[in-house]
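Note: the block below is query28.txt and it holds compact mmCIF, C-alpha atoms and all ligand atoms.
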# COMPACT_ATOMS: atom_id res chain seq x y z
CA MET I 1 105.18 78.71 25.82
CA ARG I 2 101.61 78.93 24.57
CA PHE I 3 100.51 76.37 27.12
CA PHE I 4 102.28 78.28 29.90
CA THR I 5 100.57 81.56 28.89
CA TYR I 6 97.20 79.78 28.84
CA ALA I 7 97.81 78.33 32.29
CA ILE I 8 98.62 81.76 33.69
CA CYS I 9 95.40 83.19 32.20
CA VAL I 10 93.32 80.37 33.71
CA PHE I 11 94.94 80.90 37.10
CA ILE I 12 94.23 84.65 37.03
CA ALA I 13 90.64 84.06 35.91
CA SER I 14 90.09 81.54 38.71
CA LEU I 15 91.57 83.89 41.30
CA SER I 16 89.34 86.72 40.07
CA THR I 17 86.25 84.51 40.31
CA ALA I 18 87.15 83.30 43.79
CA THR I 19 87.74 86.86 44.98
CA SER I 20 84.39 88.01 43.60
CA THR I 21 82.61 85.08 45.23
CA LEU I 22 84.21 85.79 48.59
CA ALA I 23 83.27 89.45 48.40
CA ARG I 24 79.66 88.64 47.58
CA ASP I 25 79.32 86.13 50.39
CA THR I 26 80.88 88.46 52.90
CA ALA I 27 78.54 91.28 51.91
CA HIS I 28 75.51 89.03 52.27
CA GLN I 29 76.48 87.55 55.59
CA ARG I 30 77.46 90.67 57.47
CA THR I 31 76.48 94.21 56.63
CA GLU I 32 78.44 95.79 59.49
CA PRO I 33 81.77 94.71 60.95
CA LEU I 34 81.64 93.59 64.59
CA VAL I 35 85.04 95.07 65.38
CA ILE I 36 86.76 97.96 63.73
CA GLU I 37 90.50 97.94 64.16
CA THR I 38 92.88 100.52 62.86
CA GLN I 39 96.18 98.99 62.01
CA ARG I 40 99.01 100.95 63.53
CA GLU I 41 102.55 100.56 62.42
CA PRO I 42 105.28 100.96 65.03
CA MET I 43 106.22 104.58 65.36
CA ASN I 44 109.20 104.36 67.66
CA ALA I 45 112.57 103.70 66.16
CA PRO I 46 113.57 100.96 68.65
CA GLU I 47 110.45 98.98 67.78
CA ILE I 48 110.85 99.40 64.03
CA SER I 49 114.36 98.10 64.20
CA ALA I 50 113.51 95.34 66.66
CA SER I 51 114.71 92.06 65.24
CA MET I 52 111.47 90.20 66.01
CA PHE I 53 109.34 92.60 64.00
CA GLN I 54 111.78 92.74 61.11
CA ALA I 55 112.21 88.98 60.92
CA ALA I 56 108.48 88.32 61.03
CA ALA I 57 107.39 91.19 58.82
CA ALA I 58 107.88 89.31 55.54
CA ASP I 59 105.30 86.62 56.28
CA THR I 60 103.19 88.18 59.05
CA THR I 61 99.89 89.99 58.75
CA VAL I 62 99.66 92.59 61.50
CA LEU I 63 96.09 92.74 62.74
CA ALA I 64 96.78 95.48 65.26
CA TRP I 65 99.77 97.11 66.85
CA TYR I 66 99.75 98.91 70.17
CA GLN I 67 102.76 100.27 71.95
CA PHE I 68 100.80 102.76 74.12
CA ASP I 69 103.04 105.67 73.20
CA SER I 70 101.99 108.69 71.22
CA PRO I 71 104.33 109.89 68.48
CA ALA I 72 105.48 112.51 70.98
CA GLY I 73 106.42 109.78 73.47
CA THR I 74 103.64 110.42 75.96
CA PRO I 75 101.35 107.63 77.31
CA ASP I 76 98.45 106.83 74.98
CA PRO I 77 95.83 104.12 75.76
CA GLN I 78 95.11 103.91 72.01
CA GLY I 79 91.46 103.13 72.57
CA TRP I 80 91.90 100.52 75.32
CA THR I 81 89.94 100.89 78.55
CA ALA I 82 91.16 99.79 82.00
CA ARG I 83 89.38 97.80 84.71
CA ASP I 84 90.58 97.36 88.30
CA VAL I 85 90.20 93.63 88.95
CA THR I 86 90.95 94.22 92.66
CA ALA I 87 87.79 96.33 92.99
CA PRO I 88 85.12 94.58 95.10
CA SER I 89 82.09 93.03 93.45
CA GLY I 90 79.88 95.47 95.35
CA THR I 91 78.56 96.36 98.79
CA HIS I 92 76.78 93.30 100.08
CA PHE I 93 75.35 94.13 103.52
CA HIS I 94 71.76 95.01 102.56
CA VAL I 95 68.16 94.64 103.67
CA ASP I 96 66.66 91.35 102.52
CA GLY I 97 63.90 88.94 103.44
CA PRO I 98 61.04 86.89 102.02
CA ALA I 99 59.48 89.96 100.43
CA CYS I 100 62.76 90.84 98.71
CA HIS I 101 64.64 87.89 97.21
CA GLY I 102 63.27 85.16 99.42
CA MET I 103 66.07 84.92 101.96
CA PRO I 104 64.46 84.09 105.32
CA ALA I 105 64.68 86.87 107.91
CA ILE I 106 65.85 86.23 111.48
CA ASN I 107 62.89 88.11 112.96
CA GLY I 108 59.92 89.63 111.14
CA ALA I 109 60.02 90.02 107.37
CA LYS I 110 63.42 91.65 106.96
CA SER I 111 66.96 91.39 108.27
CA LEU I 112 70.29 92.75 107.17
CA TRP I 113 72.04 90.17 105.01
CA CYS I 114 75.63 90.11 103.80
CA GLY I 115 75.23 87.97 100.70
CA GLN I 116 74.33 87.82 97.04
CA TRP I 117 71.16 86.31 95.64
CA ALA I 118 71.28 84.12 92.52
CA SER I 119 71.33 86.23 89.37
CA ASN I 120 71.93 85.84 85.66
CA ALA I 121 73.43 89.33 85.53
CA ASP I 122 76.89 89.58 84.07
CA ALA I 123 78.71 89.95 87.35
CA TRP I 124 77.12 86.84 88.86
CA CYS I 125 76.23 84.43 86.07
CA SER I 126 79.46 82.48 86.49
CA TRP I 127 79.10 82.11 90.26
CA VAL I 128 78.50 78.48 90.94
CA ALA I 129 76.38 78.20 94.08
CA LEU I 130 74.45 81.41 94.79
CA PRO I 131 72.79 82.49 96.96
CA GLY I 132 75.73 83.01 99.26
CA TYR I 133 78.99 84.92 99.24
CA GLY I 134 82.13 85.27 97.13
CA ASN I 135 85.89 84.97 97.44
CA ASN I 136 88.01 87.83 98.80
CA TRP I 137 85.09 89.73 100.28
CA ASP I 138 85.80 92.44 102.86
CA GLN I 139 82.39 93.85 103.74
CA ARG I 140 81.63 96.25 106.56
CA LEU I 141 78.53 97.50 108.38
CA GLU I 142 79.51 100.45 110.53
CA ALA I 143 77.57 102.50 113.05
CA THR I 144 77.45 106.19 112.25
CA VAL I 145 77.33 107.05 115.99
CA SER I 146 79.64 106.13 118.85
CA ALA I 147 78.75 103.11 120.95
CA SER I 148 79.74 101.67 124.29
CA THR I 149 77.61 98.55 123.91
CA VAL I 150 75.84 96.93 121.01
CA SER I 151 73.23 94.19 121.16
CA TYR I 152 72.12 92.18 118.14
CA THR I 153 70.85 88.84 116.89
CA ILE I 154 73.15 87.12 114.40
CA GLU I 155 72.98 84.03 112.16
CA TRP I 156 75.98 82.98 110.09
CA ASP I 157 77.07 80.40 107.49
CA SER I 158 80.66 80.63 106.20
CA GLU I 159 83.68 78.41 105.63
CA PRO I 160 85.06 77.51 109.07
CA GLY I 161 88.60 78.64 109.73
CA TYR I 162 88.84 80.87 106.66
CA ASP I 163 85.77 83.08 106.25
CA PHE I 164 84.75 85.10 109.31
CA THR I 165 82.26 87.61 110.66
CA ARG I 166 83.72 89.80 113.38
CA LEU I 167 82.59 92.67 115.55
CA GLU I 168 85.32 95.33 115.66
CA TRP I 169 85.82 98.39 117.85
CA PHE I 170 87.93 101.39 116.91
CA ASP I 171 90.86 101.98 119.25
CA SER I 172 91.58 105.70 118.97
CA THR I 173 94.89 105.28 120.83
CA SER I 174 96.41 102.95 118.24
CA GLY I 175 94.25 104.20 115.39
CA GLN I 176 93.32 100.59 114.62
CA TRP I 177 90.13 98.56 114.37
CA VAL I 178 90.36 95.74 116.91
CA GLU I 179 88.31 92.53 117.02
CA ASP I 180 85.95 92.20 119.97
CA PRO I 181 87.70 90.05 122.59
CA ASN I 182 84.74 87.64 122.77
CA GLY I 183 85.60 86.22 119.36
CA TYR I 184 84.32 85.78 115.82
CA TYR I 185 81.66 83.80 113.95
CA ASP I 186 82.48 81.08 111.40
CA GLY I 187 80.97 77.77 110.33
CA VAL I 188 77.20 77.59 110.79
CA GLY I 189 75.44 79.09 113.81
CA GLY I 190 72.62 81.16 115.25
CA PRO I 191 70.28 82.81 115.53
CA LEU I 192 72.19 84.00 118.59
CA SER I 193 71.43 87.11 120.64
CA GLU I 194 74.56 88.87 121.85
CA VAL I 195 75.52 91.92 123.89
CA ARG I 196 79.06 93.15 123.53
CA ALA I 197 80.82 96.04 125.23
CA SER I 198 83.57 98.31 123.95
CA PRO I 199 87.00 97.87 125.61
CA TYR I 200 87.71 101.53 124.72
CA GLY I 201 84.63 103.37 126.02
CA PRO I 202 82.35 105.13 123.51
CA THR I 203 83.83 104.61 120.06
CA SER I 204 83.05 103.48 116.52
CA VAL I 205 81.85 99.92 116.02
CA ARG I 206 81.36 97.78 112.96
CA PHE I 207 80.52 94.29 111.77
CA ARG I 208 82.99 92.96 109.23
CA PHE I 209 82.82 89.88 107.03
CA THR I 210 85.99 88.66 105.29
CA SER I 211 86.54 85.65 103.06
CA ASP I 212 89.75 84.20 101.68
CA GLY I 213 90.53 83.49 98.02
CA ALA I 214 88.73 80.16 97.59
CA TYR I 215 85.93 77.92 98.87
CA SER I 216 82.79 80.00 98.75
CA ASP I 217 79.51 80.15 96.82
CA GLU I 218 81.43 81.91 94.04
CA ASP I 219 83.58 78.92 93.11
CA GLY I 220 81.09 76.41 94.52
CA LEU I 221 83.74 74.64 96.60
CA PHE I 222 81.90 75.69 99.78
CA SER I 223 78.20 76.23 99.13
CA THR I 224 76.27 77.87 101.93
CA VAL I 225 72.51 77.92 102.41
CA GLU I 226 72.22 81.41 103.87
CA GLY I 227 75.78 82.77 103.86
CA ALA I 228 77.55 84.78 104.73
CA VAL I 229 75.77 86.41 107.70
CA LYS I 230 72.43 87.90 108.74
CA ILE I 231 71.90 90.43 111.52
CA ASP I 232 68.71 91.73 113.08
CA ASP I 233 67.44 93.70 116.08
CA ILE I 234 70.52 95.86 116.63
CA SER I 235 70.58 98.32 119.50
CA ILE I 236 73.30 100.77 120.45
CA ASP I 237 73.73 101.55 124.16
CA GLY I 238 70.32 100.03 124.91
CA GLY I 239 68.56 102.48 122.60
CA PRO I 240 65.86 101.90 119.97
CA VAL I 241 66.05 98.53 118.24
CA GLU I 242 66.70 98.56 114.50
CA ASP I 243 64.69 95.64 113.15
CA PHE I 244 64.89 96.67 109.44
CA GLU I 245 61.14 96.15 108.99
CA GLY I 246 60.64 99.73 107.82
CA ALA I 247 63.59 99.69 105.41
CA ALA I 248 63.34 99.06 101.68
CA CYS I 249 64.75 95.94 100.07
CA GLU I 250 68.42 96.40 99.10
CA ASP I 251 68.88 99.41 101.43
CA ASN I 252 72.42 99.50 102.78
CA ILE I 253 72.20 102.70 104.80
CA ILE I 254 69.60 102.22 107.51
CA GLY I 255 69.23 104.36 110.64
CA ASN I 256 72.57 104.47 112.42
CA TRP I 257 74.15 101.79 110.20
CA SER I 258 75.98 102.14 106.90
CA ALA I 259 77.39 99.36 104.71
CA SER I 260 80.58 99.62 102.67
CA SER I 261 83.32 97.53 101.11
CA ILE I 262 87.01 98.18 100.66
CA PRO I 263 87.99 100.07 97.52
CA GLY I 264 90.10 98.42 94.84
CA PHE I 265 93.87 98.84 94.68
CA GLY I 266 93.45 101.40 91.92
CA LEU I 267 94.82 101.81 88.41
CA CA W 1 86.64 80.70 101.72
CA CA W 2 74.77 78.64 98.22
CA CA W 3 63.67 92.12 111.33

Kindly return the structure encoded in the file as C-alpha cells.
Amino acid sequence: MRFFTYAICVFIASLSTATSTLARDTAHQRTEPLVIETQREPMNAPEISASMFQAAAADTTVLAWYQFDSPAGTPDPQGWTARDVTAPSGTHFHVDGPACHGMPAINGAKSLWCGQWASNADAWCSWVALPGYGNNWDQRLEATVSASTVSYTIEWDSEPGYDFTRLEWFDSTSGQWVEDPNGYYDGVGGPLSEVRASPYGPTSVRFRFTSDGAYSDEDGLFSTVEGAVKIDDISIDGGPVEDFEGAACEDNIIGNWSASSIPGFGL
C-alpha cells in the first residue's frame, strides 16, 4: 500500500512538472494566438440528441462547432465569410504595350489586350504560364455607341476549337447577341485588318473572348505567347480611329469602348 501511494505521488509530481514545462515553452514560443476560436456547443435539440455527437462525445475534443443557426433559429454565419467562386478573376480587356507590362503592341506603343501579365499577387501566383489568359473567361469589350460597321486590326493566340474571340452584334428583334456571320478567331493569327458590317443596321457591337474550363495559361496545359487577343486601330462607321496611344496603361474604358466581364452566379 505504501509503495502504491508513493507511485501515485510520483506520477502526480511528474504530471505537474510536465504541465509547467509545456506552459513555459508555449509562452516563450508564441505570445499571441494565430487563431482564436470560440467553442460552441450545439444549441438545437436535434443536434444535441444526434447519435453521432453523443457517441463521440466521450472521447472527442470539440475544437469548434458551427450549425449556422442562432438560438432563435434564424440563419447565423457565426463569423464565417462567403466568397463567390464563380465570380470572374477580373476585367481583362485593358490598354497594354511595351511601356506598360512589356506586351508588344500591334501598332504604335499601345493596343488593347485581353490577357493577364505574370504576377506574384495572390490571385495569379498559382497560374502556371502567364502572361496569357485563364480558364472560364468571358470577357467583353463593347462599344458605347451604335455601329453599322466596325474596322479593326486583331491578333489572337488561344486554344483552337475551345477558346474563341468573336465579334457580336445585338439583334434587337430577338434580344440576343449574335456572332458576326464572318466567323471567329481561334488558334494563332494576325495581325489582321478587318471590316465587318452589322446584319441588323445600326446596333450595339462588342468583342467577346470566351475560354472553356481547361487548357490555358492558368493551368499551363496550353501556354500562349500573347494570348488571348489584342486589338488596335478600331473605327466605328469609318469615324476617328482609336489607336489607344493616348490612353493610360490598364485603362479599360477608352473613348467609345468599355470592357467588362460577366458577374458571378451570386451567393
Ligand atoms: Ca481552353
Ligand atoms: Ca503564356
Ligand atoms: Ca496602337

Q. Which residue, I:Ser148, I:Thr203, I:Asn107, I:Thr91, has the smallest gap to I:Asp251 when you use only C-alpha atoms?
A.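 Of all the options, I:Thr91 lies closest to I:Asp251.
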
Select from chain I every residue with an atom at most 6 Å from any atom of ligand CA 3 (chain W), then for each give the shortest pair of atoms and their distance in Å to one decimal, using all atoms listed in the file, rows by chain and rising number, as a tab-separated table.
residue	atom	partner	partner_atom	distance
I:Asn107	CA	W:CA3	CA	4.4
I:Gly108	CA	W:CA3	CA	4.5
I:Ala109	CA	W:CA3	CA	5.8
I:Lys110	CA	W:CA3	CA	4.4
I:Ser111	CA	W:CA3	CA	4.6
I:Asp232	CA	W:CA3	CA	5.3
I:Asp243	CA	W:CA3	CA	4.1
I:Phe244	CA	W:CA3	CA	5.1
I:Glu245	CA	W:CA3	CA	5.3

Considering only C-alpha atoms, return as a PDB file with C-alpha atoms, keeping the file's coordinate frame whatever protein or nucleic-acid residues lie within 6 Å of stretch 210-224 of chain I, sequence-local ones (same chain, fewer than 6 positions apart) excluded.
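Output file part-v9.pdb is given in full below:
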ATOM      1  CA  TRP I 127      79.100  82.110  90.260  1.00  0.00           C
ATOM      2  CA  VAL I 128      78.500  78.480  90.940  1.00  0.00           C
ATOM      3  CA  ALA I 129      76.380  78.200  94.080  1.00  0.00           C
ATOM      4  CA  LEU I 130      74.450  81.410  94.790  1.00  0.00           C
ATOM      5  CA  GLY I 132      75.730  83.010  99.260  1.00  0.00           C
ATOM      6  CA  TYR I 133      78.990  84.920  99.240  1.00  0.00           C
ATOM      7  CA  GLY I 134      82.130  85.270  97.130  1.00  0.00           C
ATOM      8  CA  ASN I 135      85.890  84.970  97.440  1.00  0.00           C
ATOM      9  CA  ASN I 136      88.010  87.830  98.800  1.00  0.00           C
ATOM     10  CA  TRP I 137      85.090  89.730 100.280  1.00  0.00           C
ATOM     11  CA  ASP I 138      85.800  92.440 102.860  1.00  0.00           C
ATOM     12  CA  ASP I 163      85.770  83.080 106.250  1.00  0.00           C
ATOM     13  CA  PHE I 164      84.750  85.100 109.310  1.00  0.00           C
TER      14      PHE I 164
END

Contacts of I:Asp157 at 9 Å (all atoms listed in the file; same-chain gap of 5+ positions) as a compact mmCIF listing (two decimals) with C-alpha atoms, in the frame of the given file:
# COMPACT_ATOMS: atom_id res chain seq x y z
CA GLY I 132 75.73 83.01 99.26
CA TYR I 185 81.66 83.80 113.95
CA ASP I 186 82.48 81.08 111.40
CA GLY I 187 80.97 77.77 110.33
CA VAL I 188 77.20 77.59 110.79
CA GLY I 189 75.44 79.09 113.81
CA GLY I 190 72.62 81.16 115.25
CA THR I 224 76.27 77.87 101.93
CA VAL I 225 72.51 77.92 102.41
CA GLU I 226 72.22 81.41 103.87
CA GLY I 227 75.78 82.77 103.86
CA ALA I 228 77.55 84.78 104.73
CA VAL I 229 75.77 86.41 107.70
CA LYS I 230 72.43 87.90 108.74

Q. I:Phe170: which residues within 10 Å, counting only C-alpha atoms, same-chain residues fewer than 6 positions away excluded, as a list of chain:residue names?
A.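 Here the qualifying residues turn out to be I:Ser146, I:Gln176, I:Trp177, I:Val178, I:Glu179, I:Asp180, I:Ser198, I:Pro199, I:Tyr200, I:Gly201, I:Pro202, I:Thr203, I:Ser204, I:Val205, I:Arg206.
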
Q.
From the options I:Pro98, I:Gly90, I:Pro104, I:Gly115, which residue's atoms come nearest to ligand CA 2 (chain W), counting all atoms listed in the file?
A.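 Nearest to ligand CA 2 (chain W): I:Gly115.
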
Q) So, counting all atoms listed in the file, which residue among I:Leu167, I:Val195, I:Ala118, I:Ala143 is closest to I:Gly255? A) I:Ala143

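Comparing I:Ser158, I:Thr149, I:Leu112, I:Gly102 by their smallest distance to ligand CA 2 (chain W), the closest is I:Ser158 (using all atoms listed in the file).
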
Q: Find the spatial neighbours of I:Leu192, counting all atoms listed in the file, within a cut-off of 10 Å - ignore same-chain residues fewer than 6 positions away - and output them as a PyMOL selection string.
A: chain I and resi 106+152-156+231

Q | Shortest interatomic distance to ligand CA 1 (chain W) - which of I:Ser174, I:Phe209, I:Pro71, I:Glu168, counting only C-alpha atoms and all ligand atoms | A | I:Phe209

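You will find atom CA of I:Ala259 at 21.9 Å from atom CA of I:Glu159.
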
Q: Would you work out the distance separating atom CA of I:Val241 from atom CA of I:Asp171, expressed in Å to one decimal?
A: 25.1 Å

Q) Please, what distance in Å, to one decimal, runs between atom CA of I:Ser126 and atom CA of I:Val85? A) 15.7 Å
